$ cat target04.pdb   # PDB, C-alpha atoms
ATOM      1  CA  VAL A  23       0.000   0.000   0.000
ATOM      2  CA  GLN A  24       1.180   3.550  -0.673
ATOM      3  CA  LEU A  25       0.504   6.230   1.867
ATOM      4  CA  GLN A  26      -0.702   9.552   0.528
ATOM      5  CA  ALA A  27       0.698  12.723   2.010
ATOM      6  CA  SER A  28      -1.056  16.052   1.526
ATOM      7  CA  GLY A  29      -1.172  19.580   2.887
ATOM      8  CA  GLY A  30       2.001  21.110   1.536
ATOM      9  CA  GLY A  31       2.268  24.537   0.009
ATOM     10  CA  LEU A  32       4.149  27.803  -0.241
ATOM     11  CA  VAL A  33       4.409  29.722   3.008
ATOM     12  CA  GLN A  34       6.554  32.428   4.536
ATOM     13  CA  ALA A  35       9.094  31.934   7.271
ATOM     14  CA  GLY A  36       7.375  31.779  10.635
ATOM     15  CA  ASP A  37       4.131  30.375   9.233
ATOM     16  CA  SER A  38       2.558  27.019  10.028
ATOM     17  CA  LEU A  39       1.342  24.078   7.986
ATOM     18  CA  ARG A  40      -0.320  20.798   8.855
ATOM     19  CA  LEU A  41       0.415  17.766   6.726
ATOM     20  CA  SER A  42      -1.825  14.717   6.611
ATOM     21  CA  CYS A  43      -1.138  11.098   5.729
ATOM     22  CA  THR A  44      -3.861   8.503   5.323
ATOM     23  CA  GLY A  45      -3.134   4.828   5.841
ATOM     24  CA  SER A  46      -4.910   1.506   5.535
ATOM     25  CA  GLY A  47      -8.020   1.127   7.646
ATOM     26  CA  ARG A  48      -7.625  -2.489   8.665
ATOM     27  CA  THR A  49      -4.037  -2.322   9.878
ATOM     28  CA  PHE A  50      -3.429   1.337  10.754
ATOM     29  CA  THR A  51      -3.076   0.666  14.479
ATOM     30  CA  ARG A  52      -0.529  -2.073  13.898
ATOM     31  CA  TYR A  53       2.301   0.081  12.631
ATOM     32  CA  SER A  54       4.326   3.120  13.514
ATOM     33  CA  MET A  55       4.099   6.183  11.300
ATOM     34  CA  GLY A  56       6.941   8.358  10.151
ATOM     35  CA  TRP A  57       7.339  11.644   8.340
ATOM     36  CA  PHE A  58      10.351  12.074   6.083
ATOM     37  CA  ARG A  59      11.630  14.937   4.004
ATOM     38  CA  GLN A  60      13.980  15.243   1.094
ATOM     39  CA  ALA A  61      15.425  18.491  -0.151
ATOM     40  CA  PRO A  62      16.982  18.756  -3.646
ATOM     41  CA  GLY A  63      20.362  17.069  -3.738
ATOM     42  CA  LYS A  64      19.999  15.656  -0.238
ATOM     43  CA  GLU A  65      19.057  12.307   1.229
ATOM     44  CA  ARG A  66      15.649  11.530   2.604
ATOM     45  CA  ASP A  67      15.671  12.001   6.360
ATOM     46  CA  LEU A  68      13.273  10.975   9.084
ATOM     47  CA  VAL A  69      11.987  14.087  10.821
ATOM     48  CA  ALA A  70       9.290  12.665  13.108
ATOM     49  CA  ALA A  71       7.851   9.306  14.086
ATOM     50  CA  SER A  72       4.934   8.073  16.123
ATOM     51  CA  TRP A  73       5.671   4.616  17.485
ATOM     52  CA  ILE A  74       2.919   2.125  18.188
ATOM     53  CA  SER A  75       4.369   1.915  21.701
ATOM     54  CA  GLY A  76       3.142   5.476  22.173
ATOM     55  CA  GLY A  77       6.472   7.244  22.010
ATOM     56  CA  THR A  78       7.592   9.808  19.489
ATOM     57  CA  TYR A  79      10.806  10.777  17.755
ATOM     58  CA  TYR A  80      11.868  14.164  16.404
ATOM     59  CA  ALA A  81      14.972  15.143  14.535
ATOM     60  CA  ASP A  82      16.964  17.769  16.376
ATOM     61  CA  SER A  83      16.296  20.281  13.614
ATOM     62  CA  VAL A  84      12.528  20.213  14.220
ATOM     63  CA  LYS A  85      12.251  19.639  17.970
ATOM     64  CA  GLY A  86       9.954  22.160  19.586
ATOM     65  CA  ARG A  87       8.490  23.233  16.233
ATOM     66  CA  PHE A  88       6.966  20.084  14.702
ATOM     67  CA  THR A  89       4.429  17.769  16.300
ATOM     68  CA  ILE A  90       3.404  14.357  15.014
ATOM     69  CA  SER A  91       0.033  12.927  15.905
ATOM     70  CA  ARG A  92      -2.325  10.257  14.686
ATOM     71  CA  ASP A  93      -6.065   9.751  14.653
ATOM     72  CA  ASN A  94      -6.679   6.024  14.548
ATOM     73  CA  ASP A  95     -10.394   6.492  13.932
ATOM     74  CA  LYS A  96      -9.557   8.351  10.722
ATOM     75  CA  ASN A  97      -6.518   6.217   9.821
ATOM     76  CA  THR A  98      -4.594   9.453   9.510
ATOM     77  CA  ALA A  99      -1.312  10.786  10.815
ATOM     78  CA  TYR A 100      -0.518  14.473  10.974
ATOM     79  CA  LEU A 101       2.561  16.628  11.098
ATOM     80  CA  GLN A 102       1.939  20.056  12.571
ATOM     81  CA  MET A 103       4.764  22.338  11.521
ATOM     82  CA  ASN A 104       5.142  25.674  13.283
ATOM     83  CA  SER A 105       7.719  28.429  13.012
ATOM     84  CA  LEU A 106       8.726  27.203   9.587
ATOM     85  CA  LYS A 107      12.154  28.105   8.258
ATOM     86  CA  PRO A 108      13.460  28.218   4.691
ATOM     87  CA  GLU A 109      15.612  25.185   5.490
ATOM     88  CA  ASP A 110      12.428  23.202   6.115
ATOM     89  CA  SER A 111      11.664  23.393   2.396
ATOM     90  CA  ALA A 112      11.504  19.873   0.987
ATOM     91  CA  VAL A 113       9.231  17.163  -0.313
ATOM     92  CA  TYR A 114       7.592  15.581   2.705
ATOM     93  CA  SER A 115       6.397  12.006   2.579
ATOM     94  CA  CYS A 116       5.070   9.513   5.058
ATOM     95  CA  ALA A 117       5.764   5.840   5.626
ATOM     96  CA  ARG A 118       4.772   3.048   7.936
ATOM     97  CA  ARG A 119       6.793   0.555   9.915
ATOM     98  CA  PHE A 120       5.514  -2.731  11.214
ATOM     99  CA  PRO A 121       7.337  -4.079  14.284
ATOM    100  CA  GLY A 122      10.617  -5.698  13.269
ATOM    101  CA  ARG A 123      10.440  -4.440   9.713
ATOM    102  CA  ASP A 124      11.810  -1.503   7.787
ATOM    103  CA  TRP A 125       9.921   1.578   6.671
ATOM    104  CA  ASP A 126       7.716   1.087   3.621
ATOM    105  CA  GLY A 127       4.665   2.465   1.860
ATOM    106  CA  TRP A 128       6.073   5.752   0.622
ATOM    107  CA  GLY A 129       3.716   7.317  -1.849
ATOM    108  CA  GLN A 130       3.897  10.620  -3.613
ATOM    109  CA  GLY A 131       5.043  13.286  -1.203
ATOM    110  CA  THR A 132       3.859  16.825  -0.755
ATOM    111  CA  LEU A 133       6.030  19.850  -1.438
ATOM    112  CA  VAL A 134       6.648  22.395   1.285
ATOM    113  CA  THR A 135       8.330  25.631   0.277
ATOM    114  CA  VAL A 136       9.202  28.223   2.884
ATOM    115  CA  SER A 137      10.209  31.640   1.623
ATOM    116  CA  SER A 138      12.363  33.998   3.638
TER
END
$ encode --input "target04.pdb" --output "structure tokens"
Amino acid sequence: VQLQASGGGLVQAGDSLRLSCTGSGRTFTRYSMGWFRQAPGKERDLVAASWISGGTYYADSVKGRFTISRDNDKNTAYLQMNSLKPEDSAVYSCARRFPGRDWDGWGQGTLVTVSS
């Protein structure tokens, strides 16, 4: 299955955006969710994760500004991005991770562009 990310756009530095990612209804609660981003010429990096254990992970570059959440009733994960910076500009995509397995399910990402 491919997860569909949405909610990107062109914003100014300091603005906020909320990205959404919809997963599979029957298994959504069985896997962790992650948000990744890839800027031109750079590798894809994990920026936030919501583990099925209940914990979360944030890359140092987004701590205190980004918040990951999930609504299991809607099979949707969110990434609330506040105080956006130009260096946050990238294609953001989401993926899932079953216990003991690697990340998978990347679909088409959503472009976030932050102007200075």
$ closest_residue --input "target04.pdb" --among "A:Leu41, A:Ala35, A:Ala81, A:Leu133" --to "Met103 (chain A)" --atoms "only C-alpha atoms"
A:Leu41
$ atom_distance --input "target04.pdb" --atom1 "CA of Val23 (chain A)" --atom2 "CA of Trp57 (chain A)"
16.1 Å
$ residues_around --input "target04.pdb" --residues "region 116-130 of chain A" --least-positions-apart "2" --cutoff "7 Å" --atoms "only C-alpha atoms" --output "list in words"
Val23, Gln24, Leu25, Gln26, Ala27, Cys43, Arg52, Tyr53, Ser54, Met55, Gly56, Trp57, Phe58, Tyr114 and Thr132 of chain A
$ write_last_selection --input "target04.pdb" --atoms "C-alpha atoms" --output "JSON list (two decimals), keeping the file's coordinate frame"
[["chain", "number", "residue", "atom", "x", "y", "z"],
["A", 23, "VAL", "CA", 0.00, 0.00, 0.00],
["A", 24, "GLN", "CA", 1.18, 3.55, -0.67],
["A", 25, "LEU", "CA", 0.50, 6.23, 1.87],
["A", 26, "GLN", "CA", -0.70, 9.55, 0.53],
["A", 27, "ALA", "CA", 0.70, 12.72, 2.01],
["A", 43, "CYS", "CA", -1.14, 11.10, 5.73],
["A", 52, "ARG", "CA", -0.53, -2.07, 13.90],
["A", 53, "TYR", "CA", 2.30, 0.08, 12.63],
["A", 54, "SER", "CA", 4.33, 3.12, 13.51],
["A", 55, "MET", "CA", 4.10, 6.18, 11.30],
["A", 56, "GLY", "CA", 6.94, 8.36, 10.15],
["A", 57, "TRP", "CA", 7.34, 11.64, 8.34],
["A", 58, "PHE", "CA", 10.35, 12.07, 6.08],
["A", 114, "TYR", "CA", 7.59, 15.58, 2.70],
["A", 132, "THR", "CA", 3.86, 16.82, -0.76]]
$ atom_distance --input "target04.pdb" --atom1 "CA of Val69 (chain A)" --atom2 "CA of Leu32 (chain A)"
19.3 Å
$ resolve_selection --input "target04.pdb" --expression "the PyMOL selection byres ((chain A and resi 92-97) around 6)" --output "list in words"
Thr44, Gly45, Gly47, Phe50, Ser91, Thr98, Ala99 and Tyr100 of chain A
$ decode --input "target04.pdb" --residues "region 108-123 of chain A" --atoms "all heavy atoms" --output "CSV table (one decimal), in the first residue's frame"
chain,number,residue,atom,x,y,z
A,108,PRO,N,13.1,28.6,6.1
A,108,PRO,CA,13.5,28.2,4.7
A,108,PRO,C,14.1,26.9,4.6
A,108,PRO,O,13.9,26.1,3.6
A,108,PRO,CB,14.4,29.3,4.3
A,108,PRO,CG,13.9,30.5,5.1
A,108,PRO,CD,13.6,29.9,6.4
A,109,GLU,N,14.9,26.5,5.6
A,109,GLU,CA,15.6,25.2,5.5
A,109,GLU,C,14.7,24.0,5.7
A,109,GLU,O,15.1,22.8,5.6
A,109,GLU,CB,16.8,25.1,6.5
A,109,GLU,CG,16.4,25.5,7.9
A,109,GLU,CD,16.7,26.9,8.2
A,109,GLU,OE1,16.5,27.8,7.4
A,109,GLU,OE2,17.2,27.2,9.4
A,110,ASP,N,13.4,24.3,6.0
A,110,ASP,CA,12.4,23.2,6.1
A,110,ASP,C,11.8,22.9,4.7
A,110,ASP,O,11.1,21.9,4.6
A,110,ASP,CB,11.3,23.6,7.0
A,110,ASP,CG,11.7,23.7,8.5
A,110,ASP,OD1,12.5,22.9,9.0
A,110,ASP,OD2,11.2,24.7,9.1
A,111,SER,N,12.2,23.6,3.7
A,111,SER,CA,11.7,23.4,2.4
A,111,SER,C,12.1,22.0,1.9
A,111,SER,O,13.3,21.7,1.9
A,111,SER,CB,12.1,24.5,1.4
A,111,SER,OG,11.6,25.8,1.8
A,112,ALA,N,11.2,21.2,1.4
A,112,ALA,CA,11.5,19.9,1.0
A,112,ALA,C,10.2,19.2,0.5
A,112,ALA,O,9.1,19.7,0.7
A,112,ALA,CB,12.1,19.1,2.1
A,113,VAL,N,10.4,18.0,-0.1
A,113,VAL,CA,9.2,17.2,-0.3
A,113,VAL,C,9.1,16.3,0.9
A,113,VAL,O,10.0,15.6,1.3
A,113,VAL,CB,9.4,16.3,-1.6
A,113,VAL,CG1,8.3,15.3,-1.7
A,113,VAL,CG2,9.5,17.2,-2.8
A,114,TYR,N,7.9,16.4,1.5
A,114,TYR,CA,7.6,15.6,2.7
A,114,TYR,C,6.8,14.4,2.3
A,114,TYR,O,5.8,14.5,1.6
A,114,TYR,CB,6.8,16.4,3.7
A,114,TYR,CG,7.7,17.4,4.4
A,114,TYR,CD1,8.2,18.6,3.8
A,114,TYR,CD2,8.0,17.3,5.8
A,114,TYR,CE1,9.0,19.5,4.4
A,114,TYR,CE2,8.9,18.2,6.4
A,114,TYR,CZ,9.3,19.3,5.7
A,114,TYR,OH,10.1,20.2,6.4
A,115,SER,N,7.1,13.2,2.8
A,115,SER,CA,6.4,12.0,2.6
A,115,SER,C,6.2,11.2,3.9
A,115,SER,O,6.9,11.5,4.9
A,115,SER,CB,7.1,11.2,1.5
A,115,SER,OG,8.4,10.9,1.9
A,116,CYS,N,5.3,10.3,3.9
A,116,CYS,CA,5.1,9.5,5.1
A,116,CYS,C,5.3,8.0,4.7
A,116,CYS,O,5.2,7.6,3.6
A,116,CYS,CB,3.7,9.8,5.6
A,116,CYS,SG,2.4,9.5,4.4
A,117,ALA,N,5.5,7.3,5.8
A,117,ALA,CA,5.8,5.8,5.6
A,117,ALA,C,5.3,5.1,6.9
A,117,ALA,O,5.1,5.8,7.9
A,117,ALA,CB,7.2,5.5,5.4
A,118,ARG,N,5.2,3.8,6.8
A,118,ARG,CA,4.8,3.0,7.9
A,118,ARG,C,5.9,2.0,8.3
A,118,ARG,O,6.7,1.7,7.5
A,118,ARG,CB,3.5,2.3,7.6
A,118,ARG,CG,3.7,1.3,6.5
A,118,ARG,CD,2.4,0.5,6.2
A,118,ARG,NE,2.7,-0.5,5.2
A,118,ARG,CZ,1.8,-1.4,4.7
A,118,ARG,NH1,0.6,-1.3,5.1
A,118,ARG,NH2,2.2,-2.3,3.9
A,119,ARG,N,5.8,1.5,9.5
A,119,ARG,CA,6.8,0.6,9.9
A,119,ARG,C,6.1,-0.5,10.9
A,119,ARG,O,5.8,-0.1,12.0
A,119,ARG,CB,8.0,1.2,10.6
A,119,ARG,CG,9.1,0.3,10.9
A,119,ARG,CD,10.3,1.0,11.4
A,119,ARG,NE,11.4,0.1,11.7
A,119,ARG,CZ,12.7,0.5,12.0
A,119,ARG,NH1,12.9,1.8,12.2
A,119,ARG,NH2,13.6,-0.3,12.2
A,120,PHE,N,6.0,-1.7,10.4
A,120,PHE,CA,5.5,-2.7,11.2
A,120,PHE,C,6.6,-3.1,12.2
A,120,PHE,O,7.8,-3.0,11.8
A,120,PHE,CB,5.1,-3.9,10.4
A,120,PHE,CG,3.8,-3.7,9.7
A,120,PHE,CD1,3.7,-3.3,8.4
A,120,PHE,CD2,2.6,-4.0,10.3
A,120,PHE,CE1,2.5,-3.1,7.7
A,120,PHE,CE2,1.4,-3.8,9.7
A,120,PHE,CZ,1.3,-3.4,8.4
A,121,PRO,N,6.3,-3.6,13.3
A,121,PRO,CA,7.3,-4.1,14.3
A,121,PRO,C,8.3,-5.1,13.6
A,121,PRO,O,7.9,-6.0,13.0
A,121,PRO,CB,6.5,-4.7,15.4
A,121,PRO,CG,5.2,-4.1,15.3
A,121,PRO,CD,5.0,-3.8,13.9
A,122,GLY,N,9.6,-4.8,13.8
A,122,GLY,CA,10.6,-5.7,13.3
A,122,GLY,C,10.9,-5.6,11.8
A,122,GLY,O,11.7,-6.3,11.2
A,123,ARG,N,10.2,-4.6,11.1
A,123,ARG,CA,10.4,-4.4,9.7
A,123,ARG,C,10.9,-3.0,9.4
A,123,ARG,O,10.9,-2.1,10.3
A,123,ARG,CB,9.1,-4.8,9.0
A,123,ARG,CG,8.6,-6.2,9.2
A,123,ARG,CD,7.4,-6.5,8.5
A,123,ARG,NE,7.6,-6.4,7.0
A,123,ARG,CZ,6.6,-6.7,6.1
A,123,ARG,NH1,5.4,-7.0,6.6
A,123,ARG,NH2,6.8,-6.6,4.8
